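Asker: Sharing a structure, written as structure tokens. Questions coming.
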Amino acid sequence: MKFTLSWLREHLDTDATLEAITTTLSAIGLEVEGVEDRGRALAPFRIAAVVEAEPHPNADRLRALKVDAGNGTLLSVVCGAPNARAGMKGVLGLPGTYVPGSDITLKVGEIRGVKSEGMMCSARELGLGEDHAGIIELPEDAPVGAGYAEWAGLDDPVIEISVTPNRGDALSVRGVARDLAAAGLGTLRPEGRYLRPGTVPAGGPSALRWAIDDPRACAWVLGRTISGLRNGPSPQWLRDRLTAIGLRPINALVDVTNFFTVDLGRPLHVFDARKVKGGTLTIRLGREGETLLALNGKEYTASPEDSVIADASGVVSFSGIMGGETTGCDADTTEVFIECALFDPVRIALSGRRHQLSSDARQRFERGIDPALQPAALEAATRMVLELCGGEASEVVSAGAEPAWQREATLRFERLAGLGGAEVPEYEATAILGSLGFTETARGEGSVTYAVPSWRNDIAQGNVAPEAQPGGLAQSPELPPERAAAAAEGCRAVEAECDLVEEVLRIRGLDRVPPVSLPVASPVPPASLTAKQARAALARRVLTARGMLDCVSYGFVEARVAALFGDTPPALRVENPIAADLDQMRPTPLASLALAAARNAARGFPDLALAELGGGYRDPSPTGQLAIAAGLRTGHTPRHWAEPSRALDAMDAKGDALAVLQALGVPMAALTVTTDAPGHYHPGRSGVLRQGPKTVLARFGELHPSVLAALDLPGPAVGFEVFLDAVPEPKRRKRGAADLPAFQPVRRDLAFLVDAGVPAEKLLRAASGAERNLLAGVSLFDRYAGDKLPEGKVSLALEITLQPRERSLTDAEIEAAIGKVVAAVTKATGATLRG
């Protein structure tokens, strides 16, 4: 919402400075977005007279001017404007002046050999419009040497405020003035230039009539014809005022409607009465197939949910949003019909959104306008049209009826402190509400009841109580209708009282409400991250510490690529993808990492380590998105003098997955490895990490050669996926004293001859369960396969650690314990102890 300071002062009698006004506006909730002080920007420009205008000796399209700037000397100015001539007066910029429309600073120079000591400016160069056909021409009585901005009345600051959606009344200069007056910054003038009591005498019947076909389209509409007028450009004061706030002057009739849209917050529309077919304008809902060629030059198709205005030929306007070209006013208009209607805010908002149509009228209608202002607004617009264009006004015609907007709100004074947190004297609260237009109707013990003014649509329009809503308790036989109505009325009363408290505190100044700290729920603040968030952050930190680059990619990939890594159900197909190759929700982040690795390899970077914590999608249900920590390594290990480079293998991916699981608190001894990895991994070079027979915590391995070929990714490539949602939270145990046995541990090495197909893990588990009271650790430290062993056999060497706790072990006890280990391994795997 923009307005000029002089415009505001037409409604507000005040001597307050610009700074005081802007400070107060922000303090009462009408936040100032900015102040455009054109007078300061245009202060250096002077009114100058062109004394001589000769053709430039070295350029056909330039003129060499001699300009009198009022300082007693003639300045040489080179100008290319076609209207530059001797005897005219214009606007001169002197050296050192910043030209806002061209974003340049003037300086003395030479143009084709002729000295130029200034610049004669056009309207666009001064930022006053788009006219650049020639320099500004001023009347003969313009004082040479005077400041142009002050003489032209352009030293009028433009204030822009931010208006919240519930304050439709603040989208008017008069509404802003009313709030400032209530805040003690002046007095609201009872009348405006055109807003005053009385009616314009009617010269006869109206040439057009109103009809409301559907009350959902419009509640109440007024109108009148003005005949015998002459349309043309608006007077300079009106053009300047509209231009200052960013509106383009069109003609007097249209400019009148734009003026009152901002001045009173009352949108109007004018029809060329001679272009309307049939003599009646009907407000109704749209019909299928109806179109409107709007004033913006675009064609729109109406829907049955749109409120439209139609004549005998069809739709001529979208109600409350934009009129049509077929009945628009132009220079040939001699008879006009003024529309002043009250449309449904919700229908206007939905229609504007449906057709992507924005206008100042829509902005105000969808926030709610003053329903009682219609007759006075129509009279004010009539006076202005008669003043600017002449003519004779007809009688007022109408359809529908003024809605019952009257309502009351009660304020209990103790609520100002109890709810608002500020001690406000009763006399001050009543004075504030009275200055805002609230009229006292009743007074009780510690409370007062007010009639809400018609322009405050946001007061006493609270939500209905839940039990009175459709589908709530009011719909059940247990709650009688009268009780439901009482509940709804009680809810509105509470909402209205809260609104009154807010109004008092807002106008009084929210900075005067004493600050109060929130109660402390606990002396120790709660954790800022949930357990799930903490696990994800820890997993990311572990992977980056292992040299992997943290990636962020889209959650969707091409359906062809997704099929390589899992199922692609139609329910996870993206209906409106942002790109043709991003049409399927990915089953795992590993797919995105593989694509990224392929792009890097194609650009000469084959050795990569990438990781991502993201979603993998199984189905559209709430539980169908899995949180996965995925990683991919490609190529070879880095070259180093201490060890040769080698191709990456499945064990590298397994090490990454185990590092994440260990950091998350998973007991490593509880993990088992199976070979049932999904199809995008290489069979025999992959595995699945499980906790128990059913819980899959991770999977790892080399990518399948067919996947590498499909993605054009050179091998080797190894990856892993850790399913963070499946990782159980570690058990919280109280920390006790460190377990530091006083006796020396005993270590023995055992080599077993076992079938090559037996996994080493089976031996480790059998040995670990043989002597739990003494065994402190079992580990595999060697694997041997060669010609010295029988065919199909391998040698696996285990290190057994025995830890006595009560006394040192004798040789016999050690041998007995080792014997139990050998027996357990032999029974579980068929292995034999090597000699």
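Residues are named by chain letter and number: chains run A, B, ... in the order of the structure tokens, numbers start at 1 in each chain, and ligands are numbered from 1 in the order shown.
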Neighbouring residues of Leu253 (chain A) were defined as those with any atom within 12 Å, considering only C-alpha atoms; residues of the same chain fewer than 2 positions away were excluded. Please report them as a PyMOL selection string.

Answerer: chain A and resi 226+229-235+238+249-251+255-260+268-272+328-338+381-390

Asker: Could you save those same residues with N, CA and C atoms as a short mmCIF file (atom, residue, chain, number, x, y, z; two decimals), in the first residue's frame?

Answerer:
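Below is the file that was written, out_30.cif:
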```cif
data_model
loop_
_atom_site.label_atom_id
_atom_site.label_comp_id
_atom_site.auth_asym_id
_atom_site.auth_seq_id
_atom_site.Cartn_x
_atom_site.Cartn_y
_atom_site.Cartn_z
N ILE A 226 -24.11 8.78 -15.72
CA ILE A 226 -23.76 10.19 -15.90
C ILE A 226 -23.65 10.40 -17.41
N LEU A 229 -21.09 13.81 -20.61
CA LEU A 229 -19.76 14.15 -20.09
C LEU A 229 -18.74 14.13 -21.23
N ARG A 230 -17.55 14.60 -20.92
CA ARG A 230 -16.46 14.58 -21.89
C ARG A 230 -15.24 13.98 -21.21
N ASN A 231 -14.87 12.80 -21.68
CA ASN A 231 -13.72 12.09 -21.10
C ASN A 231 -12.43 12.61 -21.71
N GLY A 232 -11.38 12.56 -20.98
CA GLY A 232 -10.09 13.02 -21.46
C GLY A 232 -9.03 12.81 -20.40
N PRO A 233 -7.87 13.43 -20.56
CA PRO A 233 -6.81 13.27 -19.55
C PRO A 233 -7.23 13.85 -18.20
N SER A 234 -6.77 13.25 -17.13
CA SER A 234 -7.04 13.76 -15.80
C SER A 234 -6.26 15.04 -15.56
N PRO A 235 -6.68 15.85 -14.59
CA PRO A 235 -5.88 17.03 -14.24
C PRO A 235 -4.51 16.61 -13.69
N LEU A 238 -4.11 14.91 -10.23
CA LEU A 238 -4.53 13.51 -10.13
C LEU A 238 -3.52 12.59 -10.82
N PRO A 249 -1.72 6.69 -15.14
CA PRO A 249 -2.93 7.43 -15.52
C PRO A 249 -3.42 6.98 -16.90
N ILE A 250 -4.73 6.80 -17.04
CA ILE A 250 -5.30 6.33 -18.31
C ILE A 250 -6.20 7.40 -18.90
N ASN A 251 -7.31 7.66 -18.24
CA ASN A 251 -8.17 8.78 -18.60
C ASN A 251 -8.94 9.16 -17.35
N ASP A 255 -9.25 6.95 -14.00
CA ASP A 255 -8.44 7.46 -12.90
C ASP A 255 -9.28 7.75 -11.66
N VAL A 256 -10.55 8.13 -11.86
CA VAL A 256 -11.43 8.36 -10.71
C VAL A 256 -11.60 7.07 -9.91
N THR A 257 -11.83 5.95 -10.60
CA THR A 257 -12.00 4.67 -9.89
C THR A 257 -10.71 4.27 -9.18
N ASN A 258 -9.55 4.49 -9.82
CA ASN A 258 -8.28 4.15 -9.17
C ASN A 258 -8.04 5.04 -7.95
N PHE A 259 -8.47 6.30 -8.04
CA PHE A 259 -8.29 7.21 -6.92
C PHE A 259 -9.05 6.73 -5.69
N PHE A 260 -10.32 6.36 -5.86
CA PHE A 260 -11.12 5.96 -4.71
C PHE A 260 -10.74 4.57 -4.20
N LEU A 268 -14.24 0.72 -7.47
CA LEU A 268 -15.37 1.06 -8.34
C LEU A 268 -15.04 0.61 -9.75
N HIS A 269 -16.03 0.59 -10.61
CA HIS A 269 -15.79 0.31 -12.02
C HIS A 269 -16.72 1.17 -12.85
N VAL A 270 -16.27 1.58 -14.03
CA VAL A 270 -17.08 2.41 -14.92
C VAL A 270 -17.28 1.66 -16.24
N PHE A 271 -18.53 1.60 -16.69
CA PHE A 271 -18.89 1.03 -17.98
C PHE A 271 -19.27 2.16 -18.92
N ASP A 272 -18.86 2.04 -20.17
CA ASP A 272 -19.37 2.94 -21.20
C ASP A 272 -20.82 2.53 -21.45
N GLY A 328 -15.32 -0.90 -22.01
CA GLY A 328 -14.38 0.01 -21.39
C GLY A 328 -14.56 1.45 -21.85
N CYS A 329 -14.17 2.39 -21.00
CA CYS A 329 -14.29 3.81 -21.32
C CYS A 329 -13.04 4.29 -22.05
N ASP A 330 -13.25 5.12 -23.09
CA ASP A 330 -12.15 5.68 -23.85
C ASP A 330 -12.42 7.14 -24.13
N ALA A 331 -11.67 7.72 -25.03
CA ALA A 331 -11.80 9.15 -25.31
C ALA A 331 -13.14 9.51 -25.93
N ASP A 332 -13.84 8.53 -26.51
CA ASP A 332 -15.13 8.81 -27.15
C ASP A 332 -16.31 8.62 -26.22
N THR A 333 -16.05 8.22 -24.97
CA THR A 333 -17.15 7.97 -24.02
C THR A 333 -17.84 9.27 -23.64
N THR A 334 -19.17 9.28 -23.78
CA THR A 334 -19.96 10.45 -23.39
C THR A 334 -21.01 10.11 -22.34
N GLU A 335 -21.20 8.82 -22.09
CA GLU A 335 -22.18 8.40 -21.08
C GLU A 335 -21.59 7.22 -20.33
N VAL A 336 -21.53 7.31 -19.01
CA VAL A 336 -20.85 6.30 -18.20
C VAL A 336 -21.81 5.78 -17.14
N PHE A 337 -21.65 4.50 -16.80
CA PHE A 337 -22.42 3.89 -15.72
C PHE A 337 -21.44 3.47 -14.64
N ILE A 338 -21.59 3.99 -13.41
CA ILE A 338 -20.67 3.72 -12.31
C ILE A 338 -21.19 2.53 -11.50
N ALA A 381 -17.75 9.54 -5.86
CA ALA A 381 -17.28 9.31 -7.22
C ALA A 381 -18.07 10.14 -8.22
N THR A 382 -19.37 10.28 -7.98
CA THR A 382 -20.20 11.10 -8.86
C THR A 382 -19.73 12.55 -8.86
N ARG A 383 -19.48 13.10 -7.69
CA ARG A 383 -19.00 14.48 -7.60
C ARG A 383 -17.70 14.66 -8.36
N MET A 384 -16.79 13.69 -8.24
CA MET A 384 -15.50 13.82 -8.90
C MET A 384 -15.63 13.74 -10.41
N VAL A 385 -16.49 12.83 -10.89
CA VAL A 385 -16.70 12.72 -12.34
C VAL A 385 -17.33 14.00 -12.88
N LEU A 386 -18.32 14.53 -12.18
CA LEU A 386 -18.95 15.77 -12.63
C LEU A 386 -17.95 16.92 -12.65
N GLU A 387 -17.07 16.95 -11.67
CA GLU A 387 -16.08 18.03 -11.61
C GLU A 387 -15.07 17.94 -12.74
N LEU A 388 -14.61 16.72 -13.05
CA LEU A 388 -13.56 16.56 -14.04
C LEU A 388 -14.08 16.46 -15.47
N CYS A 389 -15.28 15.87 -15.63
CA CYS A 389 -15.78 15.57 -16.99
C CYS A 389 -17.10 16.25 -17.31
N GLY A 390 -17.73 16.88 -16.33
CA GLY A 390 -19.02 17.50 -16.59
C GLY A 390 -20.12 16.46 -16.69
#
```

Asker: So that each row is one residue of region 137-232 of chain A with an atom at most 10 Å from region 433-457 of chain A, can you give its shortest atom pair and the distance in Å to one decimal, using only C-alpha atoms, rows by chain and rising number, as JSON lines?

Answerer:
```
{"residue": "A:Asn166", "atom": "CA", "partner": "A:Asn457", "partner_atom": "CA", "distance": 7.8}
{"residue": "A:Arg167", "atom": "CA", "partner": "A:Arg456", "partner_atom": "CA", "distance": 7.7}
{"residue": "A:Gly168", "atom": "CA", "partner": "A:Asn457", "partner_atom": "CA", "distance": 7.6}
{"residue": "A:Asp169", "atom": "CA", "partner": "A:Trp455", "partner_atom": "CA", "distance": 5.9}
{"residue": "A:Ala170", "atom": "CA", "partner": "A:Trp455", "partner_atom": "CA", "distance": 9.5}
{"residue": "A:Gly175", "atom": "CA", "partner": "A:Trp455", "partner_atom": "CA", "distance": 8.6}
{"residue": "A:Arg178", "atom": "CA", "partner": "A:Leu436", "partner_atom": "CA", "distance": 6.6}
{"residue": "A:Asp179", "atom": "CA", "partner": "A:Leu436", "partner_atom": "CA", "distance": 6.7}
{"residue": "A:Leu180", "atom": "CA", "partner": "A:Leu436", "partner_atom": "CA", "distance": 9.5}
{"residue": "A:Ala181", "atom": "CA", "partner": "A:Ser435", "partner_atom": "CA", "distance": 7.3}
{"residue": "A:Ala182", "atom": "CA", "partner": "A:Ser435", "partner_atom": "CA", "distance": 5.0}
{"residue": "A:Ala183", "atom": "CA", "partner": "A:Ser435", "partner_atom": "CA", "distance": 8.6}
{"residue": "A:Gly184", "atom": "CA", "partner": "A:Ser435", "partner_atom": "CA", "distance": 9.3}
{"residue": "A:Thr187", "atom": "CA", "partner": "A:Ser435", "partner_atom": "CA", "distance": 9.4}
{"residue": "A:Leu188", "atom": "CA", "partner": "A:Ser435", "partner_atom": "CA", "distance": 9.0}
```

Asker: Nearest residue to Leu564 (chain A) out of A:Ile111, A:Cys121, A:Leu590, A:Cys218, using only C-alpha atoms?

Answerer: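 Comparing A:Ile111, A:Cys121, A:Leu590, A:Cys218 against Leu564 (chain A), the winner is A:Leu590.
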
Asker: Can you list, as a list in words, every protein, DNA or RNA residue that comes within 7 Å of region 677-685 of chain A when you count only C-alpha atoms, leaving out same-chain residues fewer than 2 positions away?

Answerer: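 Contacts, with the query itself left out: Leu564, Phe565, Ala650, Thr675, Gly687, Val688, Arg699, Gly701, Glu702, Leu703, His704 and Val707 of chain A.
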
Asker: Calculated over only C-alpha atoms, which of the candidates A:Ala831, A:Val696, A:Ala349, A:Val516 has the smallest distance to Ala756 (chain A)?

Answerer: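 Result for the nearest residue to Ala756 (chain A): A:Ala831.
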
Asker: How far is it from CA of Leu292 (chain A) to CA of Gln356 (chain A), in Å with one decimal?

Answerer: 14.1 Å

Asker: Between CA of Ala751 (chain A) and CA of Thr832 (chain A), what is the spacing in Å?

Answerer: 8.5 Å

Asker: Of the candidates A:Val35, A:Ala559, A:Leu500, A:Ala422, which one gets nearest to Pro515 (chain A) if we count only C-alpha atoms?

Answerer: A:Ala422

Asker: Show which residues sit within 10 Å of region 659-666 of chain A, as an NGL selection string. Count only C-alpha atoms, and ignore same-chain residues fewer than 6 positions away.

Answerer: :A and (534-536 or 538-543 or 546 or 629 or 653 or 689 or 691 or 697-698 or 722-724 or 727-731)

Asker: Could you jot down the CA of Arg735 (chain A) to CA of Met668 (chain A) separation for me, Å, one decimal place?

Answerer: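 Here the two named atoms are 19.5 Å from each other.
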
Asker: Enumerate, as a PyMOL selection string, the complete set of residues in region 241-319 of chain A that a backbone-based DSSP assignment places in helix (DSSP H, G or I).

Answerer: chain A and resi 241-244+252-263+273-275

Asker: Go ahead and save the residues from that selection, with N, CA and C atoms, as a PDB file, in the first residue's frame.

Answerer:
```pdb
ATOM      1  N   ARG A 241      -0.553  12.242  -8.554  1.00  0.00           N
ATOM      2  CA  ARG A 241      -0.819  11.438  -7.369  1.00  0.00           C
ATOM      3  C   ARG A 241      -0.807   9.943  -7.707  1.00  0.00           C
ATOM      4  N   LEU A 242      -1.423   9.582  -8.820  1.00  0.00           N
ATOM      5  CA  LEU A 242      -1.434   8.172  -9.213  1.00  0.00           C
ATOM      6  C   LEU A 242      -0.048   7.713  -9.634  1.00  0.00           C
ATOM      7  N   THR A 243       0.671   8.541 -10.370  1.00  0.00           N
ATOM      8  CA  THR A 243       2.021   8.173 -10.803  1.00  0.00           C
ATOM      9  C   THR A 243       2.935   7.973  -9.598  1.00  0.00           C
ATOM     10  N   ALA A 244       2.764   8.798  -8.586  1.00  0.00           N
ATOM     11  CA  ALA A 244       3.633   8.710  -7.414  1.00  0.00           C
ATOM     12  C   ALA A 244       3.522   7.355  -6.719  1.00  0.00           C
ATOM     13  N   ALA A 252      -9.678  10.262 -17.429  1.00  0.00           N
ATOM     14  CA  ALA A 252     -10.295  10.802 -16.224  1.00  0.00           C
ATOM     15  C   ALA A 252     -11.230   9.800 -15.565  1.00  0.00           C
ATOM     16  N   LEU A 253     -12.071   9.106 -16.355  1.00  0.00           N
ATOM     17  CA  LEU A 253     -13.050   8.196 -15.766  1.00  0.00           C
ATOM     18  C   LEU A 253     -12.379   7.026 -15.063  1.00  0.00           C
ATOM     19  N   VAL A 254     -11.383   6.427 -15.692  1.00  0.00           N
ATOM     20  CA  VAL A 254     -10.683   5.300 -15.070  1.00  0.00           C
ATOM     21  C   VAL A 254      -9.869   5.777 -13.875  1.00  0.00           C
ATOM     22  N   ASP A 255      -9.254   6.946 -13.999  1.00  0.00           N
ATOM     23  CA  ASP A 255      -8.437   7.462 -12.901  1.00  0.00           C
ATOM     24  C   ASP A 255      -9.278   7.754 -11.662  1.00  0.00           C
ATOM     25  N   VAL A 256     -10.547   8.133 -11.862  1.00  0.00           N
ATOM     26  CA  VAL A 256     -11.432   8.357 -10.712  1.00  0.00           C
ATOM     27  C   VAL A 256     -11.602   7.069  -9.914  1.00  0.00           C
ATOM     28  N   THR A 257     -11.830   5.951 -10.599  1.00  0.00           N
ATOM     29  CA  THR A 257     -11.998   4.674  -9.885  1.00  0.00           C
ATOM     30  C   THR A 257     -10.709   4.273  -9.179  1.00  0.00           C
ATOM     31  N   ASN A 258      -9.546   4.485  -9.819  1.00  0.00           N
ATOM     32  CA  ASN A 258      -8.279   4.152  -9.171  1.00  0.00           C
ATOM     33  C   ASN A 258      -8.041   5.038  -7.950  1.00  0.00           C
ATOM     34  N   PHE A 259      -8.469   6.296  -8.043  1.00  0.00           N
ATOM     35  CA  PHE A 259      -8.287   7.215  -6.918  1.00  0.00           C
ATOM     36  C   PHE A 259      -9.047   6.733  -5.691  1.00  0.00           C
ATOM     37  N   PHE A 260     -10.317   6.358  -5.855  1.00  0.00           N
ATOM     38  CA  PHE A 260     -11.119   5.962  -4.705  1.00  0.00           C
ATOM     39  C   PHE A 260     -10.741   4.569  -4.197  1.00  0.00           C
ATOM     40  N   THR A 261     -10.165   3.732  -5.055  1.00  0.00           N
ATOM     41  CA  THR A 261      -9.665   2.440  -4.588  1.00  0.00           C
ATOM     42  C   THR A 261      -8.613   2.635  -3.516  1.00  0.00           C
ATOM     43  N   VAL A 262      -7.759   3.654  -3.693  1.00  0.00           N
ATOM     44  CA  VAL A 262      -6.694   3.920  -2.724  1.00  0.00           C
ATOM     45  C   VAL A 262      -7.169   4.889  -1.648  1.00  0.00           C
ATOM     46  N   ASP A 263      -7.938   5.894  -2.020  1.00  0.00           N
ATOM     47  CA  ASP A 263      -8.337   6.934  -1.072  1.00  0.00           C
ATOM     48  C   ASP A 263      -9.266   6.391   0.006  1.00  0.00           C
ATOM     49  N   ALA A 273     -21.761   3.357 -21.006  1.00  0.00           N
ATOM     50  CA  ALA A 273     -23.175   2.971 -21.030  1.00  0.00           C
ATOM     51  C   ALA A 273     -23.664   2.694 -22.443  1.00  0.00           C
ATOM     52  N   ARG A 274     -23.107   3.360 -23.453  1.00  0.00           N
ATOM     53  CA  ARG A 274     -23.559   3.153 -24.828  1.00  0.00           C
ATOM     54  C   ARG A 274     -23.064   1.824 -25.403  1.00  0.00           C
ATOM     55  N   LYS A 275     -22.072   1.208 -24.757  1.00  0.00           N
ATOM     56  CA  LYS A 275     -21.562  -0.071 -25.252  1.00  0.00           C
ATOM     57  C   LYS A 275     -22.232  -1.264 -24.590  1.00  0.00           C
TER      58      LYS A 275
END
```

Asker: From the DSSP assignment of the backbone, select every residue of region 558-777 of chain A that is strand (DSSP E), and format the answer as a VMD selection string.

Answerer: chain A and resid 584 to 585 608 to 617 625 to 634 671 to 674 681 to 691 695 to 703 717 to 723 746 to 755 775 to 777

Asker: Could you take the residues named above and write them with C-alpha atoms, as a short mmCIF file (atom, residue, chain, number, x, y, z; two decimals), in the first residue's frame?

Answerer:
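To be explicit, this is the file written out as out-v6.cif:
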```cif
data_model
loop_
_atom_site.label_atom_id
_atom_site.label_comp_id
_atom_site.auth_asym_id
_atom_site.auth_seq_id
_atom_site.Cartn_x
_atom_site.Cartn_y
_atom_site.Cartn_z
CA GLN A 584 10.73 -42.07 -10.70
CA MET A 585 11.25 -41.99 -6.94
CA LEU A 608 35.87 -41.27 -6.08
CA ALA A 609 34.42 -41.73 -2.60
CA LEU A 610 30.85 -40.40 -2.36
CA ALA A 611 28.28 -40.66 0.43
CA GLU A 612 24.71 -39.45 0.97
CA LEU A 613 22.16 -39.61 3.74
CA GLY A 614 18.82 -39.56 1.97
CA GLY A 615 15.57 -41.32 1.30
CA GLY A 616 14.93 -44.58 -0.47
CA TYR A 617 11.34 -45.20 -1.52
CA GLN A 625 10.38 -43.94 2.80
CA LEU A 626 13.55 -45.35 4.33
CA ALA A 627 16.39 -43.29 5.80
CA ILE A 628 19.54 -44.68 4.22
CA ALA A 629 23.22 -43.83 4.64
CA ALA A 630 24.72 -44.89 1.31
CA GLY A 631 28.26 -44.74 0.02
CA LEU A 632 30.10 -45.54 -3.22
CA ARG A 633 33.81 -45.93 -3.93
CA THR A 634 35.12 -46.28 -7.48
CA LEU A 671 26.21 -59.11 13.61
CA THR A 672 26.06 -61.89 11.07
CA VAL A 673 26.87 -61.76 7.37
CA THR A 674 24.73 -63.47 4.76
CA TYR A 681 25.33 -56.16 -6.21
CA HIS A 682 27.78 -58.71 -7.63
CA PRO A 683 26.83 -62.25 -6.50
CA GLY A 684 29.64 -63.78 -4.45
CA ARG A 685 31.22 -60.36 -3.89
CA SER A 686 28.56 -58.87 -1.66
CA GLY A 687 26.82 -59.46 1.62
CA VAL A 688 24.09 -58.43 4.03
CA LEU A 689 24.76 -57.41 7.64
CA ARG A 690 22.04 -58.63 9.97
CA GLN A 691 21.26 -58.42 13.65
CA THR A 695 16.69 -57.46 10.95
CA VAL A 696 18.74 -56.20 7.99
CA LEU A 697 21.00 -53.36 9.10
CA ALA A 698 23.12 -52.91 5.99
CA ARG A 699 24.24 -54.44 2.71
CA PHE A 700 27.47 -54.02 0.81
CA GLY A 701 29.50 -55.28 -2.11
CA GLU A 702 30.69 -54.66 -5.63
CA LEU A 703 28.11 -53.31 -8.06
CA ALA A 717 32.79 -49.81 -8.00
CA VAL A 718 31.84 -50.87 -4.49
CA GLY A 719 28.97 -49.54 -2.41
CA PHE A 720 26.98 -49.99 0.76
CA GLU A 721 23.62 -49.04 2.25
CA VAL A 722 23.02 -48.66 6.00
CA PHE A 723 19.34 -48.58 6.99
CA VAL A 746 46.82 -66.06 28.17
CA ARG A 747 46.92 -66.21 24.34
CA ARG A 748 47.02 -69.30 22.15
CA ASP A 749 47.05 -69.64 18.36
CA LEU A 750 45.03 -72.44 16.78
CA ALA A 751 45.11 -73.34 13.05
CA PHE A 752 42.16 -75.34 11.70
CA LEU A 753 41.90 -77.24 8.45
CA VAL A 754 38.41 -76.65 7.08
CA ASP A 755 36.48 -76.96 3.82
CA LEU A 775 37.29 -66.34 26.78
CA ALA A 776 38.02 -62.64 26.42
CA GLY A 777 38.46 -62.57 22.62
#
```

Asker: Have a look at A:Leu128, A:Ala785, A:Val315, A:Val163 and name the one nearest to Lys277 (chain A); count only C-alpha atoms.

Answerer: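 Using only C-alpha atoms, the shortest distance to Lys277 (chain A) belongs to A:Val315.
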
Asker: Quick one: residues within 12 Å of Thr23 (chain A), only C-alpha atoms counted, chain neighbours fewer than 4 positions away excluded, as a PyMOL selection string?

Answerer: chain A and resi 16-19+27-35+159+161+180+183+185+509

Asker: Taking only C-alpha atoms into account, which of A:Met1, A:Leu281, A:Ala591, A:Val276 comes nearest Glu325 (chain A)?

Answerer: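 Closest residue, counting only C-alpha atoms: A:Val276.
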
Asker: Quick one: residues within 12 Å of Arg124 (chain A), only C-alpha atoms, excluding same-chain residues fewer than 5 positions away - as a ChimeraX atom specification?

Answerer: /A:99-103,129-136

Asker: Could you save the residues just selected, with N, CA and C atoms, as a compact mmCIF listing (two decimals), in the first residue's frame?

Answerer:
```txt
# COMPACT_ATOMS: atom_id res chain seq x y z
N VAL A 99 21.38 11.40 -12.19
CA VAL A 99 20.15 11.28 -12.96
C VAL A 99 19.54 9.92 -12.63
N PRO A 100 18.42 9.86 -11.87
CA PRO A 100 17.92 8.57 -11.39
C PRO A 100 17.42 7.65 -12.50
N GLY A 101 16.79 8.20 -13.54
CA GLY A 101 16.26 7.36 -14.59
C GLY A 101 17.31 6.74 -15.48
N SER A 102 18.50 7.36 -15.58
CA SER A 102 19.58 6.84 -16.42
C SER A 102 20.71 6.24 -15.62
N ASP A 103 20.70 6.43 -14.29
CA ASP A 103 21.72 5.89 -13.41
C ASP A 103 23.12 6.40 -13.80
N GLY A 129 8.12 8.75 -15.31
CA GLY A 129 7.26 8.11 -16.30
C GLY A 129 8.11 7.47 -17.37
N GLU A 130 7.44 7.02 -18.44
CA GLU A 130 8.12 6.33 -19.53
C GLU A 130 8.31 7.21 -20.75
N ASP A 131 7.89 8.45 -20.69
CA ASP A 131 8.00 9.34 -21.86
C ASP A 131 9.46 9.71 -22.09
N HIS A 132 9.98 9.31 -23.25
CA HIS A 132 11.36 9.63 -23.61
C HIS A 132 11.43 10.18 -25.04
N ALA A 133 10.24 10.59 -25.55
CA ALA A 133 10.21 11.11 -26.92
C ALA A 133 10.86 12.48 -27.03
N GLY A 134 10.94 13.20 -25.93
CA GLY A 134 11.53 14.53 -25.94
C GLY A 134 11.76 15.00 -24.53
N ILE A 135 12.38 16.18 -24.40
CA ILE A 135 12.62 16.72 -23.07
C ILE A 135 11.33 17.31 -22.51
N ILE A 136 11.28 17.46 -21.19
CA ILE A 136 10.10 18.00 -20.53
C ILE A 136 9.90 19.46 -20.96
```

Asker: For Glu10 (chain A), find every residue with an atom within 12 Å (counting only C-alpha atoms), except residues of its own chain fewer than 3 positions away, and show them as number ranges by chain.

Answerer: A: 3-7, 13-14, 173-174, 176-178, 186-195, 263-264
